[in-house]
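Just upload.cif here, mmCIF, C-alpha atoms:
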data_target
loop_
_atom_site.label_atom_id
_atom_site.label_comp_id
_atom_site.auth_asym_id
_atom_site.auth_seq_id
_atom_site.Cartn_x
_atom_site.Cartn_y
_atom_site.Cartn_z
CA MET A 1 0.00 0.00 0.00
CA THR A 2 1.28 3.49 -0.83
CA LYS A 3 2.04 5.74 2.11
CA THR A 4 0.08 8.93 2.41
CA ILE A 5 1.88 12.24 2.16
CA ASP A 6 1.04 12.97 5.80
CA ALA A 7 2.60 9.63 6.79
CA ARG A 8 5.68 10.49 4.74
CA LEU A 9 5.97 13.88 6.45
CA SER A 10 5.71 12.17 9.84
CA GLU A 11 8.29 9.54 8.85
CA LEU A 12 10.67 12.34 7.84
CA GLY A 13 10.05 14.17 11.13
CA ILE A 14 8.65 17.17 9.27
CA VAL A 15 6.14 19.41 11.01
CA LEU A 16 4.75 21.97 8.60
CA PRO A 17 4.55 25.59 9.70
CA ASP A 18 1.22 27.37 9.70
CA ALA A 19 0.29 28.79 6.30
CA GLN A 20 1.26 32.45 6.65
CA ALA A 21 -1.11 35.29 5.84
CA PRO A 22 0.05 37.67 3.10
CA ALA A 23 2.26 40.57 4.17
CA ALA A 24 0.82 42.99 1.59
CA ASN A 25 -1.99 43.35 -0.97
CA TYR A 26 -1.98 39.86 -2.50
CA VAL A 27 -3.36 36.40 -1.76
CA PRO A 28 -1.25 33.41 -0.67
CA PHE A 29 -2.44 31.28 -3.59
CA VAL A 30 -4.72 31.30 -6.61
CA LYS A 31 -6.43 28.23 -8.05
CA SER A 32 -7.04 28.14 -11.82
CA GLY A 33 -8.49 24.89 -13.08
CA ASP A 34 -6.28 22.12 -11.73
CA LEU A 35 -3.34 24.45 -11.07
CA VAL A 36 -2.44 26.21 -7.82
CA PHE A 37 -0.12 29.22 -8.04
CA ILE A 38 1.47 29.86 -4.65
CA SER A 39 2.89 33.30 -3.91
CA GLY A 40 6.54 33.62 -2.94
CA GLN A 41 7.33 32.13 0.45
CA VAL A 42 10.27 33.69 2.26
CA SER A 43 12.88 31.92 4.34
CA ARG A 44 11.95 31.68 8.00
CA ASN A 45 12.22 29.29 10.89
CA ALA A 46 10.96 29.15 14.48
CA ASP A 47 13.29 32.04 15.38
CA GLY A 48 11.98 34.34 12.63
CA PHE A 49 13.16 35.35 9.19
CA ILE A 50 16.34 33.78 7.81
CA THR A 51 18.18 36.81 6.51
CA GLY A 52 21.46 37.60 4.83
CA GLN A 53 23.15 37.63 1.48
CA LEU A 54 24.76 34.62 -0.18
CA GLY A 55 28.37 35.31 -1.02
CA ARG A 56 28.68 37.79 1.84
CA ASP A 57 27.32 36.51 5.15
CA VAL A 58 25.46 33.29 4.27
CA ASP A 59 27.18 30.16 2.94
CA VAL A 60 25.68 27.68 0.47
CA ALA A 61 24.74 25.13 3.16
CA ALA A 62 22.83 27.76 5.17
CA GLY A 63 21.26 29.04 1.94
CA ARG A 64 20.10 25.52 1.11
CA GLU A 65 18.44 25.30 4.55
CA ALA A 66 16.80 28.68 3.94
CA ALA A 67 15.43 27.37 0.62
CA ARG A 68 14.17 24.24 2.37
CA SER A 69 12.27 26.45 4.82
CA CYS A 70 10.59 28.12 1.83
CA GLY A 71 9.60 24.66 0.62
CA LEU A 72 7.98 23.84 3.96
CA ALA A 73 5.97 27.06 3.69
CA LEU A 74 4.97 26.17 0.10
CA ILE A 75 3.70 22.78 1.26
CA ALA A 76 1.76 24.45 4.09
CA GLN A 77 0.12 26.81 1.59
CA LEU A 78 -0.58 23.88 -0.75
CA ARG A 79 -2.28 22.03 2.10
CA ALA A 80 -4.47 25.10 2.69
CA ALA A 81 -5.26 25.35 -1.05
CA CYS A 82 -6.27 21.66 -1.03
CA GLY A 83 -8.60 22.03 1.93
CA GLY A 84 -6.17 20.13 4.16
CA ASP A 85 -5.80 17.14 1.79
CA LEU A 86 -2.27 16.89 0.34
CA GLU A 87 -3.31 13.65 -1.42
CA ARG A 88 -4.88 15.93 -4.04
CA LEU A 89 -1.38 16.81 -5.30
CA ARG A 90 -0.72 15.38 -8.75
CA GLN A 91 2.53 17.20 -9.63
CA VAL A 92 4.86 19.94 -8.48
CA VAL A 93 4.96 21.75 -11.84
CA LYS A 94 7.40 24.65 -11.46
CA LEU A 95 9.42 26.33 -8.74
CA THR A 96 11.10 29.71 -9.08
CA GLY A 97 13.72 30.44 -6.46
CA PHE A 98 15.19 33.86 -5.75
CA VAL A 99 18.51 34.05 -3.93
CA ASN A 100 19.65 37.22 -2.18
CA ALA A 101 23.23 37.23 -3.48
CA THR A 102 26.28 39.33 -4.18
CA PRO A 103 27.07 39.99 -7.86
CA GLU A 104 29.96 37.50 -7.68
CA PHE A 105 27.86 34.64 -6.26
CA THR A 106 27.11 31.94 -8.87
CA GLU A 107 25.87 28.94 -6.86
CA HIS A 108 22.15 29.77 -7.03
CA PRO A 109 21.21 26.25 -8.23
CA GLN A 110 22.93 24.63 -5.25
CA VAL A 111 20.98 26.90 -2.89
CA ILE A 112 17.62 26.23 -4.54
CA ASN A 113 18.35 22.49 -4.39
CA GLY A 114 17.21 22.82 -0.77
CA VAL A 115 13.60 23.24 -1.88
CA SER A 116 13.88 20.92 -4.91
CA ASP A 117 15.29 18.09 -2.81
CA LEU A 118 12.51 18.58 -0.23
CA MET A 119 9.79 18.28 -2.89
CA VAL A 120 11.18 14.96 -4.13
CA GLU A 121 11.81 13.74 -0.58
CA VAL A 122 8.19 14.39 0.41
CA PHE A 123 6.29 13.74 -2.84
CA GLY A 124 8.52 11.26 -4.70
CA ASP A 125 8.13 11.43 -8.49
CA ARG A 126 5.21 13.85 -8.10
CA GLY A 127 7.76 16.26 -6.60
CA ARG A 128 9.97 16.43 -9.74
CA HIS A 129 9.53 19.82 -11.35
CA ALA A 130 10.76 22.46 -13.77
CA ARG A 131 12.73 25.20 -12.04
CA ALA A 132 14.50 28.52 -12.19
CA ALA A 133 17.15 29.71 -9.72
CA VAL A 134 17.67 33.46 -9.93
CA GLY A 135 20.04 35.81 -8.14
CA SER A 136 18.71 39.05 -6.70
CA ALA A 137 20.46 42.07 -5.20
CA SER A 138 17.94 42.08 -2.35
CA LEU A 139 14.74 40.40 -1.20
CA PRO A 140 11.86 41.53 1.02
CA LEU A 141 12.76 41.92 4.70
CA GLY A 142 16.38 41.05 3.86
CA VAL A 143 15.57 37.33 3.62
CA ALA A 144 18.14 35.00 2.08
CA VAL A 145 15.71 33.11 -0.19
CA GLU A 146 12.19 33.35 -1.60
CA VAL A 147 10.46 30.62 -3.62
CA GLU A 148 7.16 30.58 -5.51
CA GLY A 149 5.52 27.51 -6.99
CA VAL A 150 2.96 26.07 -9.38
CA PHE A 151 1.27 22.79 -8.43
CA ARG A 152 -1.25 20.55 -10.24
CA ILE A 153 -4.00 19.11 -8.06
CA ALA A 154 -7.05 16.87 -8.46
#
This entry written out as structure tokens:
Amino acid sequence: MTKTIDARLSELGIVLPDAQAPAANYVPFVKSGDLVFISGQVSRNADGFITGQLGRDVDVAAGREAARSCGLALIAQLRAACGGDLERLRQVVKLTGFVNATPEFTEHPQVINGVSDLMVEVFGDRGRHARAAVGSASLPLGVAVEVEGVFRIA
């Protein structure tokens, strides 16, 4: 029998954060047909926002963890969009990751692997996705990483 996504999260020791309310004039997600477009989720943990700039004061390993935290927030928003039922997920379609980085920093893909690896770890083949990893001179609230996503649901 196939494990449920909730069982997989529990097996991995993952507790999802609460789906955060928007910080400005936008909605956390929009459903269009069988697609869910989730607004950018910024890096944060139990202590607050994960801030800093890659190539200056944040290393790749810490950046990867920041990206993973964005992925946890994306899954929390997806759960909300699915009325609490993550089994409705059919495919993680596309992730776009933004990395707060110095002009010389070039390891954006390694940072965004933090969220990509999480999606495959949690959802298996349904977690494989198209992706972009983009450098940015700054991000809201000085966060290290922000990731938005498109998901296909039943």
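Going from CA of Phe151 in chain A to CA of Asp34 in chain A covers 8.3 Å.
Counting all atoms listed in the file, the residue from A:Gln53, A:Gln91, A:Ser32, A:Ser10 that sits nearest to His108 in chain A is A:Gln53.
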Output of the PyMOL selection byres ((chain A and resi 29) around 10), listed as a PDB file with C-alpha atoms, in the coordinates of the input:
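Here's the written file part12.pdb:
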ATOM      1  CA  PRO A  22       0.050  37.670   3.100  1.00  0.00           C
ATOM      2  CA  TYR A  26      -1.980  39.860  -2.500  1.00  0.00           C
ATOM      3  CA  VAL A  27      -3.360  36.400  -1.760  1.00  0.00           C
ATOM      4  CA  PRO A  28      -1.250  33.410  -0.670  1.00  0.00           C
ATOM      5  CA  VAL A  30      -4.720  31.300  -6.610  1.00  0.00           C
ATOM      6  CA  LYS A  31      -6.430  28.230  -8.050  1.00  0.00           C
ATOM      7  CA  SER A  32      -7.040  28.140 -11.820  1.00  0.00           C
ATOM      8  CA  VAL A  36      -2.440  26.210  -7.820  1.00  0.00           C
ATOM      9  CA  PHE A  37      -0.120  29.220  -8.040  1.00  0.00           C
ATOM     10  CA  ILE A  38       1.470  29.860  -4.650  1.00  0.00           C
ATOM     11  CA  SER A  39       2.890  33.300  -3.910  1.00  0.00           C
ATOM     12  CA  GLY A  40       6.540  33.620  -2.940  1.00  0.00           C
ATOM     13  CA  LEU A  74       4.970  26.170   0.100  1.00  0.00           C
ATOM     14  CA  GLN A  77       0.120  26.810   1.590  1.00  0.00           C
ATOM     15  CA  LEU A  78      -0.580  23.880  -0.750  1.00  0.00           C
ATOM     16  CA  ALA A  80      -4.470  25.100   2.690  1.00  0.00           C
ATOM     17  CA  ALA A  81      -5.260  25.350  -1.050  1.00  0.00           C
ATOM     18  CA  GLU A 148       7.160  30.580  -5.510  1.00  0.00           C
ATOM     19  CA  GLY A 149       5.520  27.510  -6.990  1.00  0.00           C
ATOM     20  CA  VAL A 150       2.960  26.070  -9.380  1.00  0.00           C
TER      21      VAL A 150
END
Please evaluate the PyMOL selection byres ((chain A and resi 73) around 10) against the structure above and give the resulting residues as an mmCIF file with C-alpha atoms, keeping the file's coordinate frame.
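Output file result_10.cif is given in full below:
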data_model
loop_
_atom_site.group_PDB
_atom_site.id
_atom_site.type_symbol
_atom_site.label_atom_id
_atom_site.label_comp_id
_atom_site.auth_asym_id
_atom_site.auth_seq_id
_atom_site.Cartn_x
_atom_site.Cartn_y
_atom_site.Cartn_z
ATOM 1 C CA LEU A 16 4.750 21.970 8.600
ATOM 2 C CA PRO A 17 4.550 25.590 9.700
ATOM 3 C CA ASP A 18 1.220 27.370 9.700
ATOM 4 C CA ALA A 19 0.290 28.790 6.300
ATOM 5 C CA GLN A 20 1.260 32.450 6.650
ATOM 6 C CA ILE A 38 1.470 29.860 -4.650
ATOM 7 C CA GLY A 40 6.540 33.620 -2.940
ATOM 8 C CA GLN A 41 7.330 32.130 0.450
ATOM 9 C CA VAL A 42 10.270 33.690 2.260
ATOM 10 C CA SER A 43 12.880 31.920 4.340
ATOM 11 C CA ARG A 44 11.950 31.680 8.000
ATOM 12 C CA ASN A 45 12.220 29.290 10.890
ATOM 13 C CA ALA A 67 15.430 27.370 0.620
ATOM 14 C CA ARG A 68 14.170 24.240 2.370
ATOM 15 C CA SER A 69 12.270 26.450 4.820
ATOM 16 C CA CYS A 70 10.590 28.120 1.830
ATOM 17 C CA GLY A 71 9.600 24.660 0.620
ATOM 18 C CA LEU A 72 7.980 23.840 3.960
ATOM 19 C CA LEU A 74 4.970 26.170 0.100
ATOM 20 C CA ILE A 75 3.700 22.780 1.260
ATOM 21 C CA ALA A 76 1.760 24.450 4.090
ATOM 22 C CA GLN A 77 0.120 26.810 1.590
ATOM 23 C CA LEU A 78 -0.580 23.880 -0.750
ATOM 24 C CA ARG A 79 -2.280 22.030 2.100
ATOM 25 C CA VAL A 147 10.460 30.620 -3.620
ATOM 26 C CA GLU A 148 7.160 30.580 -5.510
#
Inset, instruction - Spell out the residues picked by the PyMOL selection byres ((chain A and resi 6) around 10) here, as an NGL selection string. - result: :A and (3-5 or 7-12 or 14-15 or 85-87 or 122)
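Between CA of Asp47 in chain A and CA of Val145 in chain A lies a distance of 15.8 Å.
Residue nearest Gly142 in chain A within the list A:Ala46, A:Gly52, A:Thr96, A:Asp125: A:Gly52 [criterion: smallest interatomic distance, only C-alpha atoms].
Note that the spacing between CA of Thr51 in chain A and CA of Ser138 in chain A amounts to 10.3 Å.
Excluding Arg128 in chain A and any residue on its chain fewer than 5 positions from it, the residues at most 8 Å away by only C-alpha atoms are Gln91, Val92, Val93, Ser116, Met119 and Val120 of chain A.
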Could you please take those selected residues and save C-alpha atoms as a PDB file, keeping the file's coordinate frame?
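Full text of again27.pdb as output:
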ATOM      1  CA  GLN A  91       2.530  17.200  -9.630  1.00  0.00           C
ATOM      2  CA  VAL A  92       4.860  19.940  -8.480  1.00  0.00           C
ATOM      3  CA  VAL A  93       4.960  21.750 -11.840  1.00  0.00           C
ATOM      4  CA  SER A 116      13.880  20.920  -4.910  1.00  0.00           C
ATOM      5  CA  MET A 119       9.790  18.280  -2.890  1.00  0.00           C
ATOM      6  CA  VAL A 120      11.180  14.960  -4.130  1.00  0.00           C
TER       7      VAL A 120
END
Inset, instruction - Give me the residues within 12 Å of Asp57 in chain A as JSON, numbers by chain, counting all atoms listed in the file and dropping any in the same chain fewer than 2 places off. - result: {"A": [50, 51, 52, 53, 54, 55, 59, 60, 61, 62, 63, 100, 101, 102, 105, 142, 143, 144]}
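Checking A:Pro140, A:Thr106, A:Ala154, A:Arg64 one by one against Phe49 in chain A, counting only C-alpha atoms, you find the shortest gap at A:Pro140.
Of the listed residues A:Val99, A:Leu118, A:Ile153, A:Ala24, the one whose atoms come nearest to Ala132 in chain A is A:Val99, with distances taken using all atoms listed in the file.
Residue nearest Phe123 in chain A, chosen from A:Gly33, A:Arg90, A:Leu141, A:Ser136 and counting all atoms listed in the file: A:Arg90.
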